[in-house]
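Colleague: Dropping in protein03.csv, with CSV, C-alpha atoms.
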```
chain,number,residue,atom,x,y,z
A,16,MET,CA,109.9,95.7,38.6
A,17,SER,CA,110.4,92.7,36.2
A,18,GLY,CA,109.4,89.1,36.7
A,19,ARG,CA,107.0,87.8,39.4
A,20,ARG,CA,106.6,88.2,43.1
A,21,LEU,CA,104.3,86.0,45.2
A,22,LEU,CA,103.0,87.2,48.5
A,23,ARG,CA,101.2,84.4,50.3
A,24,HIS,CA,99.3,83.6,53.5
A,25,GLY,CA,98.1,87.0,54.4
A,26,ARG,CA,94.8,88.4,55.8
A,27,LEU,CA,94.0,90.6,52.8
A,28,PHE,CA,91.9,93.7,53.4
A,29,THR,CA,91.1,94.4,49.7
A,30,SER,CA,89.1,97.7,50.0
A,31,SER,CA,87.0,96.2,47.2
A,32,GLY,CA,84.0,94.1,46.7
A,33,ALA,CA,86.1,91.1,47.6
A,34,GLY,CA,86.1,92.2,51.2
A,35,VAL,CA,88.6,90.4,53.4
A,36,LEU,CA,90.4,87.2,52.4
A,37,ASP,CA,91.6,85.4,55.5
A,38,ASP,CA,94.3,83.3,53.8
A,39,GLY,CA,95.0,85.3,50.6
A,40,ALA,CA,97.7,85.6,48.1
A,41,VAL,CA,98.8,88.3,45.7
A,42,VAL,CA,100.8,87.8,42.4
A,43,VAL,CA,102.8,90.8,41.3
A,44,GLU,CA,104.1,91.2,37.8
A,45,ASP,CA,105.9,94.3,36.5
A,46,GLY,CA,104.7,96.4,39.4
A,47,ARG,CA,101.0,95.5,39.0
A,48,ILE,CA,98.8,93.1,40.7
A,49,ALA,CA,98.3,90.2,38.3
A,50,TRP,CA,96.1,88.1,40.5
A,51,VAL,CA,94.6,88.2,44.0
A,52,GLY,CA,92.5,85.6,45.7
A,53,PRO,CA,92.5,82.7,48.3
A,54,ASP,CA,95.9,81.1,48.6
A,55,ARG,CA,94.4,77.7,47.9
A,56,ASP,CA,93.5,78.9,44.4
A,57,LEU,CA,97.0,80.1,43.6
A,58,ARG,CA,98.5,78.5,40.6
A,59,ALA,CA,102.3,78.3,40.7
A,60,GLY,CA,104.0,80.1,37.9
A,61,GLU,CA,107.4,79.6,36.3
A,62,GLY,CA,110.5,81.6,37.2
A,63,GLU,CA,109.1,83.5,40.1
A,64,ASP,CA,111.7,86.1,41.2
A,65,GLU,CA,110.8,85.9,44.9
A,66,GLU,CA,108.2,84.6,47.3
A,67,THR,CA,107.2,86.3,50.5
A,68,ASP,CA,105.3,84.5,53.3
A,69,LEU,CA,103.0,87.0,55.0
A,70,GLU,CA,102.7,84.8,58.0
A,71,HIS,CA,98.9,85.4,58.2
A,72,GLY,CA,99.5,89.0,59.0
A,73,LEU,CA,97.2,91.8,57.9
A,74,VAL,CA,97.8,93.3,54.4
A,75,THR,CA,96.1,96.4,53.0
A,76,PRO,CA,96.5,98.5,49.9
A,77,GLY,CA,99.0,101.2,50.4
A,78,LEU,CA,97.4,104.1,52.4
A,79,VAL,CA,96.5,107.2,50.4
A,80,ASP,CA,96.9,110.5,52.2
A,81,ALA,CA,94.5,112.8,50.3
A,82,HIS,CA,95.5,116.1,51.9
A,83,SER,CA,98.9,117.4,53.0
A,84,HIS,CA,101.1,120.5,53.0
A,85,PRO,CA,104.7,119.2,53.1
A,86,VAL,CA,106.7,122.1,51.5
A,87,TYR,CA,107.5,124.6,54.3
A,88,ALA,CA,110.2,125.9,56.6
A,89,GLY,CA,110.1,126.9,60.2
A,90,GLU,CA,107.8,125.9,63.1
A,91,ARG,CA,104.9,127.5,64.9
A,92,PHE,CA,105.0,125.8,68.3
A,93,ALA,CA,104.4,129.1,70.3
A,94,GLU,CA,101.1,129.8,68.5
A,95,ILE,CA,100.1,126.1,68.8
A,96,ALA,CA,100.5,126.5,72.6
A,97,ALA,CA,98.5,129.8,72.5
A,98,ARG,CA,95.7,128.1,70.6
A,99,SER,CA,95.7,125.3,73.1
A,100,ALA,CA,95.1,128.0,75.8
A,101,GLY,CA,92.1,129.3,74.0
A,102,ALA,CA,93.5,131.8,71.5
A,103,PRO,CA,91.2,131.7,68.4
A,104,TYR,CA,92.7,130.8,65.0
A,105,GLY,CA,91.5,134.1,63.5
A,106,GLU,CA,93.1,136.1,66.3
A,107,ILE,CA,96.5,134.4,65.8
A,108,ALA,CA,96.4,135.0,62.1
A,109,ALA,CA,95.5,138.7,62.6
A,110,ALA,CA,98.6,139.0,64.8
A,111,GLY,CA,100.9,137.7,62.0
A,112,GLY,CA,100.8,134.1,62.9
A,113,GLY,CA,99.2,131.2,61.0
A,114,ILE,CA,99.9,130.9,57.3
A,115,ALA,CA,101.6,134.3,57.2
A,116,ALA,CA,104.3,133.1,59.7
A,117,THR,CA,105.1,130.0,57.6
A,118,VAL,CA,105.2,132.1,54.4
A,119,ALA,CA,107.9,134.3,55.9
A,120,ALA,CA,110.0,131.3,57.0
A,121,THR,CA,109.5,129.5,53.8
A,122,ARG,CA,110.4,132.5,51.6
A,123,ALA,CA,113.6,132.9,53.7
A,124,ALA,CA,114.7,129.3,53.3
A,125,SER,CA,116.9,128.2,50.4
A,126,ARG,CA,115.7,125.6,47.9
A,127,ALA,CA,118.2,123.1,49.3
A,128,GLU,CA,116.8,123.6,52.8
A,129,LEU,CA,113.2,123.1,51.5
A,130,ALA,CA,114.3,120.0,49.6
A,131,VAL,CA,115.9,118.4,52.6
A,132,GLY,CA,112.9,119.1,54.8
A,133,LEU,CA,110.5,117.8,52.2
A,134,GLU,CA,112.5,114.6,51.6
A,135,GLU,CA,112.6,113.8,55.3
A,136,ARG,CA,108.9,114.2,55.6
A,137,LEU,CA,108.1,112.2,52.5
A,138,ALA,CA,110.4,109.3,53.7
A,139,SER,CA,108.5,109.4,57.0
A,140,PHE,CA,105.1,109.2,55.2
A,141,LEU,CA,106.3,106.1,53.3
A,142,SER,CA,107.7,104.3,56.4
A,143,GLY,CA,104.3,104.7,58.0
A,144,GLY,CA,102.5,103.0,55.2
A,145,THR,CA,101.5,105.9,52.9
A,146,THR,CA,102.3,105.0,49.4
A,147,THR,CA,100.5,107.9,47.7
A,148,LEU,CA,100.4,111.4,49.0
A,149,GLU,CA,98.6,114.5,47.8
A,150,ALA,CA,101.1,117.3,48.3
A,151,LYS,CA,100.3,121.0,48.2
A,152,THR,CA,102.2,124.2,47.7
A,153,GLY,CA,100.9,127.3,49.4
A,154,TYR,CA,103.6,128.7,51.6
A,155,HIS,CA,105.3,131.2,49.2
A,156,LEU,CA,102.2,133.0,47.8
A,157,ASP,CA,104.1,134.7,45.0
A,158,GLU,CA,104.5,133.5,41.4
A,159,GLU,CA,108.2,132.5,41.5
A,160,GLY,CA,108.0,130.7,44.8
A,161,GLU,CA,104.8,128.8,44.1
A,162,LEU,CA,106.0,127.6,40.8
A,163,ALA,CA,109.4,126.6,42.4
A,164,ALA,CA,107.5,124.6,45.0
A,165,VAL,CA,105.5,122.8,42.2
A,166,ARG,CA,108.7,121.9,40.5
A,167,LEU,CA,110.2,120.7,43.8
A,168,LEU,CA,107.3,118.3,44.3
A,169,ALA,CA,107.1,117.3,40.6
A,170,GLU,CA,110.7,116.2,40.7
A,171,ARG,CA,109.7,113.6,43.4
A,172,ALA,CA,106.3,112.7,42.1
A,173,GLY,CA,107.1,109.3,40.5
A,174,GLY,CA,107.5,107.4,43.8
A,175,GLY,CA,111.1,106.3,43.1
A,176,PRO,CA,114.2,107.1,45.2
A,177,GLY,CA,114.5,110.8,45.9
A,178,PRO,CA,117.7,112.9,45.3
A,179,GLY,CA,118.9,111.6,48.7
A,180,GLY,CA,118.5,108.0,47.6
A,181,ARG,CA,115.6,107.2,50.0
A,182,ALA,CA,112.4,105.6,48.7
A,183,LEU,CA,109.5,108.1,48.6
A,184,PRO,CA,105.8,107.8,48.1
A,185,ALA,CA,104.1,108.6,44.8
A,186,LEU,CA,103.0,112.3,44.9
A,187,GLU,CA,99.9,114.0,43.5
A,188,VAL,CA,101.0,117.6,43.1
A,189,THR,CA,98.5,120.4,44.0
A,190,PHE,CA,99.0,124.0,43.3
A,191,LEU,CA,97.7,126.0,46.3
A,192,GLY,CA,98.5,129.6,45.3
A,193,GLY,CA,95.1,130.4,46.8
A,194,HIS,CA,96.1,129.4,50.3
A,195,ALA,CA,96.0,133.0,51.6
A,196,VAL,CA,96.5,136.5,50.2
A,197,GLY,CA,100.2,137.1,49.4
A,198,PRO,CA,101.7,139.8,51.5
A,199,GLU,CA,102.4,142.0,48.5
A,200,TRP,CA,98.6,142.1,47.9
A,201,ALA,CA,97.5,142.6,51.5
A,202,GLY,CA,94.1,144.3,51.5
A,203,ASP,CA,93.3,143.5,47.9
A,204,PRO,CA,92.2,139.8,47.7
A,205,ASP,CA,90.5,140.3,44.4
A,206,ALA,CA,93.7,141.4,42.8
A,207,TYR,CA,95.6,138.5,44.3
A,208,ALA,CA,92.9,136.0,43.2
A,209,ALA,CA,93.4,137.4,39.6
A,210,GLU,CA,97.1,136.8,39.9
A,211,VAL,CA,96.7,133.2,41.1
A,212,ALA,CA,94.3,132.6,38.2
A,213,ARG,CA,97.0,133.9,35.8
A,214,TRP,CA,99.6,131.5,37.3
A,215,CYS,CA,97.5,128.4,36.7
A,216,PRO,CA,98.8,127.5,33.2
A,217,ALA,CA,102.4,127.8,34.4
A,218,ALA,CA,101.6,125.7,37.4
A,219,ARG,CA,100.3,123.0,35.1
A,220,ALA,CA,103.4,123.2,32.9
A,221,ALA,CA,105.6,122.9,36.0
A,222,GLY,CA,104.1,119.6,37.0
A,223,ALA,CA,101.0,120.3,39.1
A,224,ARG,CA,98.0,118.0,38.4
A,225,HIS,CA,95.5,119.6,40.9
A,226,ALA,CA,94.7,123.1,42.1
A,227,ASP,CA,93.2,124.0,45.5
A,228,VAL,CA,91.8,127.2,47.2
A,229,PHE,CA,91.2,128.0,50.9
A,230,CYS,CA,87.6,129.2,50.5
A,231,ASP,CA,86.7,130.2,54.0
A,232,GLU,CA,86.1,133.0,56.5
A,233,GLY,CA,89.0,135.3,56.6
A,234,TYR,CA,90.6,133.8,53.5
A,235,PHE,CA,88.8,133.7,50.1
A,236,THR,CA,85.2,134.2,49.3
A,237,VAL,CA,83.1,131.9,47.1
A,238,ARG,CA,83.4,134.5,44.3
A,239,GLN,CA,87.2,134.7,44.6
A,240,GLY,CA,87.5,131.0,44.8
A,241,ARG,CA,85.4,130.6,41.7
A,242,VAL,CA,87.8,132.9,39.8
A,243,MET,CA,90.9,130.9,40.7
A,244,LEU,CA,89.4,127.4,40.3
A,245,GLU,CA,87.7,128.2,36.9
A,246,ALA,CA,91.1,129.4,35.7
A,247,ALA,CA,92.7,126.2,37.1
A,248,ARG,CA,90.1,124.0,35.4
A,249,ASP,CA,90.7,125.9,32.1
A,250,ALA,CA,94.4,125.2,32.4
A,251,GLY,CA,93.8,121.5,32.8
A,252,LEU,CA,94.2,121.2,36.6
A,253,VAL,CA,91.8,119.1,38.7
A,254,PRO,CA,90.0,121.5,41.1
A,255,ARG,CA,89.9,120.8,44.8
A,256,LEU,CA,88.7,123.0,47.7
A,257,HIS,CA,89.2,123.7,51.3
A,258,ALA,CA,85.6,124.2,52.2
A,259,ASP,CA,83.5,125.2,55.2
A,260,GLU,CA,86.2,124.6,57.7
A,261,LEU,CA,86.2,127.8,59.8
A,262,ALA,CA,82.6,128.9,59.0
A,263,ARG,CA,79.7,128.0,56.8
A,264,THR,CA,80.5,130.0,53.7
A,265,GLY,CA,79.0,128.0,50.8
A,266,GLY,CA,82.3,126.2,49.9
A,267,ALA,CA,80.6,122.9,49.6
A,268,GLU,CA,78.1,124.3,47.0
A,269,LEU,CA,81.0,125.9,45.1
A,270,ALA,CA,82.8,122.5,45.0
A,271,ALA,CA,79.7,120.9,43.6
A,272,GLU,CA,79.1,123.7,41.1
A,273,LEU,CA,82.7,123.4,39.7
A,274,GLY,CA,82.8,119.6,39.8
A,275,CYS,CA,85.7,119.5,42.2
A,276,ALA,CA,87.3,116.2,42.9
A,277,SER,CA,87.2,116.9,46.6
A,278,ALA,CA,85.9,119.2,49.2
A,279,ASP,CA,88.1,119.1,52.3
A,280,HIS,CA,87.7,119.6,56.1
A,281,LEU,CA,83.9,120.5,56.1
A,282,LEU,CA,83.8,121.1,59.8
A,283,CYS,CA,80.9,123.5,59.4
A,284,VAL,CA,79.0,122.0,56.4
A,285,ASP,CA,75.3,121.7,56.7
A,286,GLU,CA,72.6,119.5,55.2
A,287,ALA,CA,72.3,121.7,52.1
A,288,GLY,CA,76.1,121.5,51.5
A,289,ILE,CA,76.1,117.7,52.1
A,290,ALA,CA,73.2,117.3,49.6
A,291,ALA,CA,75.1,119.4,47.0
A,292,LEU,CA,78.3,117.3,47.4
A,293,ALA,CA,76.3,114.0,47.1
A,294,ALA,CA,74.5,115.2,43.9
A,295,ALA,CA,77.7,116.3,42.2
A,296,GLY,CA,79.7,113.2,43.2
A,297,VAL,CA,82.3,115.3,45.1
A,298,VAL,CA,84.5,113.3,47.6
A,299,ALA,CA,84.6,114.6,51.1
A,300,THR,CA,88.2,114.5,52.4
A,301,LEU,CA,88.3,114.7,56.2
A,302,ALA,CA,91.3,115.5,58.4
A,303,PRO,CA,90.6,114.2,61.9
A,304,VAL,CA,93.8,115.5,63.5
A,305,THR,CA,93.1,119.0,62.4
A,306,ALA,CA,89.5,118.6,63.5
A,307,LEU,CA,90.7,117.7,67.0
A,308,SER,CA,92.9,120.8,67.1
A,309,MET,CA,90.0,123.0,66.0
A,310,GLY,CA,87.6,121.4,68.6
A,311,ARG,CA,85.0,120.6,66.0
A,312,THR,CA,84.0,117.3,64.4
A,313,PRO,CA,82.9,117.0,60.7
A,314,PRO,CA,79.6,115.2,60.1
A,315,ALA,CA,81.2,112.0,58.7
A,316,ARG,CA,78.1,109.8,59.3
A,317,ALA,CA,75.7,112.3,57.7
A,318,LEU,CA,78.0,112.5,54.7
A,319,LEU,CA,78.1,108.7,54.3
A,320,GLU,CA,74.4,108.4,54.8
A,321,ALA,CA,73.9,110.9,52.0
A,322,GLY,CA,76.0,108.8,49.7
A,323,VAL,CA,79.2,111.0,49.7
A,324,THR,CA,82.4,109.1,49.3
A,325,LEU,CA,84.8,109.8,52.2
A,326,ALA,CA,88.6,110.1,52.0
A,327,LEU,CA,91.0,110.8,54.8
A,328,GLY,CA,94.0,113.1,55.0
A,329,SER,CA,96.7,113.9,57.5
A,330,ASP,CA,96.6,117.6,56.7
A,331,HIS,CA,100.3,117.6,57.7
A,332,ASN,CA,101.2,121.2,58.1
A,333,PRO,CA,103.3,123.4,60.4
A,334,GLY,CA,100.4,124.9,62.3
A,335,THR,CA,97.9,122.2,63.2
A,336,CYS,CA,99.3,118.7,62.4
A,337,GLY,CA,102.8,117.3,62.5
A,338,THR,CA,101.9,113.7,62.0
A,339,THR,CA,102.9,111.7,58.9
A,340,SER,CA,101.1,108.6,60.2
A,341,MET,CA,98.0,107.7,58.2
A,342,SER,CA,97.5,104.7,60.5
A,343,LEU,CA,97.0,107.3,63.3
A,344,VAL,CA,94.5,109.1,61.0
A,345,VAL,CA,92.6,105.9,60.5
A,346,ALA,CA,92.5,105.3,64.3
A,347,LEU,CA,91.1,108.9,64.8
A,348,GLY,CA,88.6,108.3,62.0
A,349,VAL,CA,87.2,105.6,64.2
A,350,ALA,CA,87.5,107.3,67.6
A,351,GLU,CA,86.7,110.9,66.6
A,352,LEU,CA,84.6,110.7,63.4
A,353,GLY,CA,82.5,107.6,64.4
A,354,LEU,CA,83.5,105.5,61.5
A,355,SER,CA,83.9,101.7,61.7
A,356,VAL,CA,87.4,100.3,61.2
A,357,VAL,CA,86.3,99.1,57.7
A,358,GLU,CA,84.9,102.5,56.8
A,359,ALA,CA,88.0,104.3,58.0
A,360,LEU,CA,90.4,102.0,56.1
A,361,VAL,CA,88.4,102.2,52.9
A,362,ALA,CA,88.4,106.0,53.2
A,363,ALA,CA,92.2,105.9,53.7
A,364,THR,CA,92.7,103.7,50.6
A,365,ALA,CA,90.0,103.5,47.9
A,366,GLY,CA,88.4,106.8,49.1
A,367,GLY,CA,91.7,108.6,48.9
A,368,ALA,CA,92.4,107.3,45.4
A,369,ARG,CA,89.0,108.5,44.3
A,370,SER,CA,89.6,111.9,45.9
A,371,LEU,CA,92.7,112.1,43.7
A,372,ARG,CA,91.0,110.6,40.7
A,373,LEU,CA,93.4,107.8,40.5
A,374,GLY,CA,91.8,104.6,39.3
A,375,ASP,CA,94.9,102.5,39.5
A,376,ARG,CA,95.4,102.2,43.2
A,377,GLY,CA,93.7,102.0,46.6
A,378,ARG,CA,92.4,98.5,46.2
A,379,LEU,CA,93.9,95.0,46.0
A,380,GLU,CA,92.6,94.1,42.5
A,381,ALA,CA,94.1,92.7,39.4
A,382,GLY,CA,95.5,95.3,37.1
A,383,LEU,CA,96.1,97.9,39.8
A,384,ARG,CA,99.5,99.2,41.1
A,385,ALA,CA,101.0,96.7,43.6
A,386,ASP,CA,101.3,99.3,46.4
A,387,LEU,CA,100.5,97.4,49.6
A,388,VAL,CA,101.4,97.2,53.3
A,389,SER,CA,101.8,94.3,55.7
A,390,TRP,CA,101.2,95.4,59.2
A,391,GLU,CA,102.3,94.4,62.7
A,392,ALA,CA,98.9,92.8,63.3
A,393,ASP,CA,96.7,89.9,62.2
A,394,HIS,CA,93.4,91.8,62.0
A,395,GLU,CA,92.2,95.3,60.8
A,396,GLY,CA,90.7,95.9,64.2
A,397,ALA,CA,94.3,96.7,65.4
A,398,PHE,CA,94.1,100.1,63.8
A,399,ALA,CA,91.6,101.2,66.4
A,400,TRP,CA,93.6,99.8,69.3
A,401,SER,CA,97.2,100.7,68.4
A,402,TYR,CA,97.1,104.4,67.6
A,403,GLY,CA,99.8,104.7,64.9
A,404,LEU,CA,99.9,101.0,64.0
A,405,ALA,CA,103.3,100.2,62.5
A,406,PRO,CA,103.9,98.5,59.2
A,407,ARG,CA,105.9,95.4,58.9
A,408,ARG,CA,106.8,95.9,55.3
A,409,VAL,CA,105.8,98.5,52.6
A,410,PHE,CA,105.7,97.6,49.0
A,411,LEU,CA,105.7,100.2,46.3
A,412,GLU,CA,104.8,98.8,42.8
A,413,GLY,CA,105.7,95.4,44.2
A,414,ARG,CA,109.1,96.4,45.6
A,415,PRO,CA,109.8,96.2,49.3
A,416,VAL,CA,110.9,99.7,50.2
A,417,ALA,CA,110.4,100.0,53.9
```
How does this structure look as structure tokens?
Modeller:
Amino acid sequence: MSGRRLLRHGRLFTSSGAGVLDDGAVVVEDGRIAWVGPDRDLRAGEGEDEETDLEHGLVTPGLVDAHSHPVYAGERFAEIAARSAGAPYGEIAAAGGGIAATVAATRAASRAELAVGLEERLASFLSGGTTTLEAKTGYHLDEEGELAAVRLLAERAGGGPGPGGRALPALEVTFLGGHAVGPEWAGDPDAYAAEVARWCPAARAAGARHADVFCDEGYFTVRQGRVMLEAARDAGLVPRLHADELARTGGAELAAELGCASADHLLCVDEAGIAALAAAGVVATLAPVTALSMGRTPPARALLEAGVTLALGSDHNPGTCGTTSMSLVVALGVAELGLSVVEALVAATAGGARSLRLGDRGRLEAGLRADLVSWEADHEGAFAWSYGLAPRRVFLEGRPVA
């Protein structure tokens, strides 16, 4: 974006030390925030391209979804119904459901089919106020497919119009070859972990910035996770970890040991794991929709009290969460995790940016990307009242895109 855009008379939830500005203004220049403050202090510039009156509505930074799985084909509605009737996650997986079912459907889909499904989901994320999305691979579980999924995401990572012409959120691409053991390596997770480790440099070259592993009961052990994430780190990828979701396995300590950017889910983390995350400065990314589906709540308050930064993610995936609405995730952060509205919104903006190691977004501050959302509300408390609060307008680098 060239020139200047003025956004005036909004209730600005800055997600920064400035707190909330009741009658605030934002000056955008070349896609960045040039100035933010009380409207009364705004100095008129020369040659503004456009001025937007926010009509005293609520404005936040663009929401940051720090955990999603958007590249897949097929659906798993039957197993979701079975799980709702009491079938355990592990039992469903052992019967060929779970991740394995999506792997079979995704491998069978053409690249064009995967691209269409991906673009539809990404456009939905953006229309709901998500301007940055962490997007994982993980439903091919072979070298060719995983690298193709990385490239598919990397082609859309910039946040501009996608191949279909629709505006899309900015993407942070995560290589999740270690989602489960690929079917060709069934019964030999050590061999598969070694394969994933070998693929890491190619994943980095294909456009991934992060790498993740599902380190949990029935998937990968701490030892196997270390093999994959050390290789990822050596290849220049930022390590992340699915940790202690299904059982207490020591994933939190592994995330701390390896200096992971984020440890995710944490439904079963204990005091020792929380202390390790706090000491290492690892962000805890929580996914309240998935937690609801699993019937267990992560210890959000204990994490905060220990000094751990929280982020929120939709965990959009074909098995446990179909939502693309981060405003719904914020509402559940309040209702389910016991966060205040302020804590949940900060986790969905500044916390998500920190989880992704992005210092240029997640707050309304001078110098940062002008990703912001005006909402159909005049106060942030509406997030906890209207489950799935709708945006009025979404701005990506200062451009109105939805």
Colleague: List the spatial neighbours of Val345 (chain A) as a ChimeraX atom specification - criterion: any atom at most 8 Å away, only C-alpha atoms, same-chain residues fewer than 4 positions off excluded.
Modeller: /A:327,341,349,356,359-360,363,398-399
Colleague: Using only C-alpha atoms, can you tell me which of A:Ser340, A:Thr364, A:Thr75, A:Ser142 comes closest to Thr300 (chain A)?
Modeller: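 Checking each of A:Ser340, A:Thr364, A:Thr75, A:Ser142 against Thr300 (chain A), counting only C-alpha atoms, the winner is A:Thr364.
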Colleague: What is the CA of Leu379 (chain A)-CA of Ala299 (chain A) distance in Å, reported with one decimal?
Modeller: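 These atoms are spaced 22.3 Å apart.
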Colleague: Excluding same-chain residues fewer than 5 positions from region 188-203 of chain A, what lies within 6 Å of it counting all atoms listed in the file, as JSON, numbers by chain?
Modeller: {"A": [150, 151, 152, 153, 156, 211, 223, 224, 225, 226, 227, 228, 229, 234]}
Colleague: Around the point (83.3, 138.0, 44.5) in the file's coordinates, collect all residues with an atom within 12 Å, using only C-alpha atoms, and return them as a PyMOL selection string.
Modeller: chain A and resi 203-206+208-209+230+235-243
Colleague: Mind dumping the selected residues with C-alpha atoms as a PDB file, in the frame of the given file?
Modeller:
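What follows is the written file part33.pdb:
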```
ATOM      1  CA  ASP A 203      93.300 143.500  47.900  1.00  0.00           C
ATOM      2  CA  PRO A 204      92.200 139.800  47.700  1.00  0.00           C
ATOM      3  CA  ASP A 205      90.500 140.300  44.400  1.00  0.00           C
ATOM      4  CA  ALA A 206      93.700 141.400  42.800  1.00  0.00           C
ATOM      5  CA  ALA A 208      92.900 136.000  43.200  1.00  0.00           C
ATOM      6  CA  ALA A 209      93.400 137.400  39.600  1.00  0.00           C
ATOM      7  CA  CYS A 230      87.600 129.200  50.500  1.00  0.00           C
ATOM      8  CA  PHE A 235      88.800 133.700  50.100  1.00  0.00           C
ATOM      9  CA  THR A 236      85.200 134.200  49.300  1.00  0.00           C
ATOM     10  CA  VAL A 237      83.100 131.900  47.100  1.00  0.00           C
ATOM     11  CA  ARG A 238      83.400 134.500  44.300  1.00  0.00           C
ATOM     12  CA  GLN A 239      87.200 134.700  44.600  1.00  0.00           C
ATOM     13  CA  GLY A 240      87.500 131.000  44.800  1.00  0.00           C
ATOM     14  CA  ARG A 241      85.400 130.600  41.700  1.00  0.00           C
ATOM     15  CA  VAL A 242      87.800 132.900  39.800  1.00  0.00           C
ATOM     16  CA  MET A 243      90.900 130.900  40.700  1.00  0.00           C
TER      17      MET A 243
END
```
Colleague: What is the CA of Pro103 (chain A)-CA of Glu149 (chain A) distance in Å, reported with one decimal?
Modeller: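 Computed distance, CA of Pro103 (chain A) to CA of Glu149 (chain A), equals 27.8 Å.
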Colleague: Interatomic distance between CA of Arg407 (chain A) and CA of Leu347 (chain A)?
Modeller: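 Computing it gives 20.9 Å between the two atoms.
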Colleague: Find the residue from A:Leu325, A:Ala182, A:Ala293, A:Ala49 that sits nearest to Ala138 (chain A); use only C-alpha atoms when measuring.
Modeller: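 Nearest candidate to Ala138 (chain A) out of A:Leu325, A:Ala182, A:Ala293, A:Ala49: A:Ala182.
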Colleague: Which of these residues is nearest to Ala317 (chain A), using only C-alpha atoms: A:Asp330, A:Asp68, A:Glu286, A:Glu272?
Modeller: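 Of the candidates, the smallest distance to Ala317 (chain A) is held by A:Glu286.
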Colleague: Nearest to Val35 (chain A): which of A:Cys275, A:Val361, A:Ala385, A:Leu69 is it, counting all atoms listed in the file?
Modeller: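 The answer is A:Val361, which sits nearest to Val35 (chain A).
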Colleague: Which residues are close to Asp231 (chain A), i.e. within 9 Å by only C-alpha atoms, leaving aside same-chain residues fewer than 4 positions away? Reply as a list in words.
Modeller: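 Contacts, with the query itself left out: Phe235, Thr236, Val237, His257, Ala258, Asp259, Glu260, Leu261, Ala262, Arg263, Thr264, Gly265 and Gly266 of chain A.
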Colleague: Please provide the set of residues having any atom within 10 Å of Gly46 (chain A), restricted to all atoms listed in the file, with same-chain residues fewer than 5 positions apart removed, written as a compact mmCIF listing (two decimals) with C-alpha atoms, in the coordinates of the input.
Modeller:
```
# COMPACT_ATOMS: atom_id res chain seq x y z
CA MET A 16 109.90 95.70 38.60
CA SER A 17 110.40 92.70 36.20
CA GLY A 18 109.40 89.10 36.70
CA ARG A 19 107.00 87.80 39.40
CA ARG A 20 106.60 88.20 43.10
CA GLY A 382 95.50 95.30 37.10
CA LEU A 383 96.10 97.90 39.80
CA ARG A 384 99.50 99.20 41.10
CA ALA A 385 101.00 96.70 43.60
CA ASP A 386 101.30 99.30 46.40
CA PHE A 410 105.70 97.60 49.00
CA LEU A 411 105.70 100.20 46.30
CA GLU A 412 104.80 98.80 42.80
CA GLY A 413 105.70 95.40 44.20
CA ARG A 414 109.10 96.40 45.60
```
Colleague: Applying 7 Å and all atoms listed in the file, which residues near Leu21 (chain A) remain after dropping the ones on its own chain fewer than 2 positions away? List them as a short mmCIF file (atom, residue, chain, number, x, y, z; two decimals) with C-alpha atoms, in the coordinates of the input.
Modeller:
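Contents of part15.cif, as written:
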```
data_model
loop_
_atom_site.label_atom_id
_atom_site.label_comp_id
_atom_site.auth_asym_id
_atom_site.auth_seq_id
_atom_site.Cartn_x
_atom_site.Cartn_y
_atom_site.Cartn_z
CA ARG A 19 107.00 87.80 39.40
CA ARG A 23 101.20 84.40 50.30
CA VAL A 41 98.80 88.30 45.70
CA VAL A 42 100.80 87.80 42.40
CA VAL A 43 102.80 90.80 41.30
CA GLU A 65 110.80 85.90 44.90
CA GLU A 66 108.20 84.60 47.30
CA THR A 67 107.20 86.30 50.50
#
```
Colleague: Using only C-alpha atoms, which of the listed residues (A:Ala368, A:Ala267, A:Ala397, A:Leu167) sits closest to Ala218 (chain A)?
Modeller: A:Leu167
Colleague: Between A:Ile289, A:Ala271, A:Leu129, A:Leu307, single out the one closest to Gly322 (chain A), counting all atoms listed in the file.
Modeller: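 Ranked by minimum distance to Gly322 (chain A), first place goes to A:Ile289.
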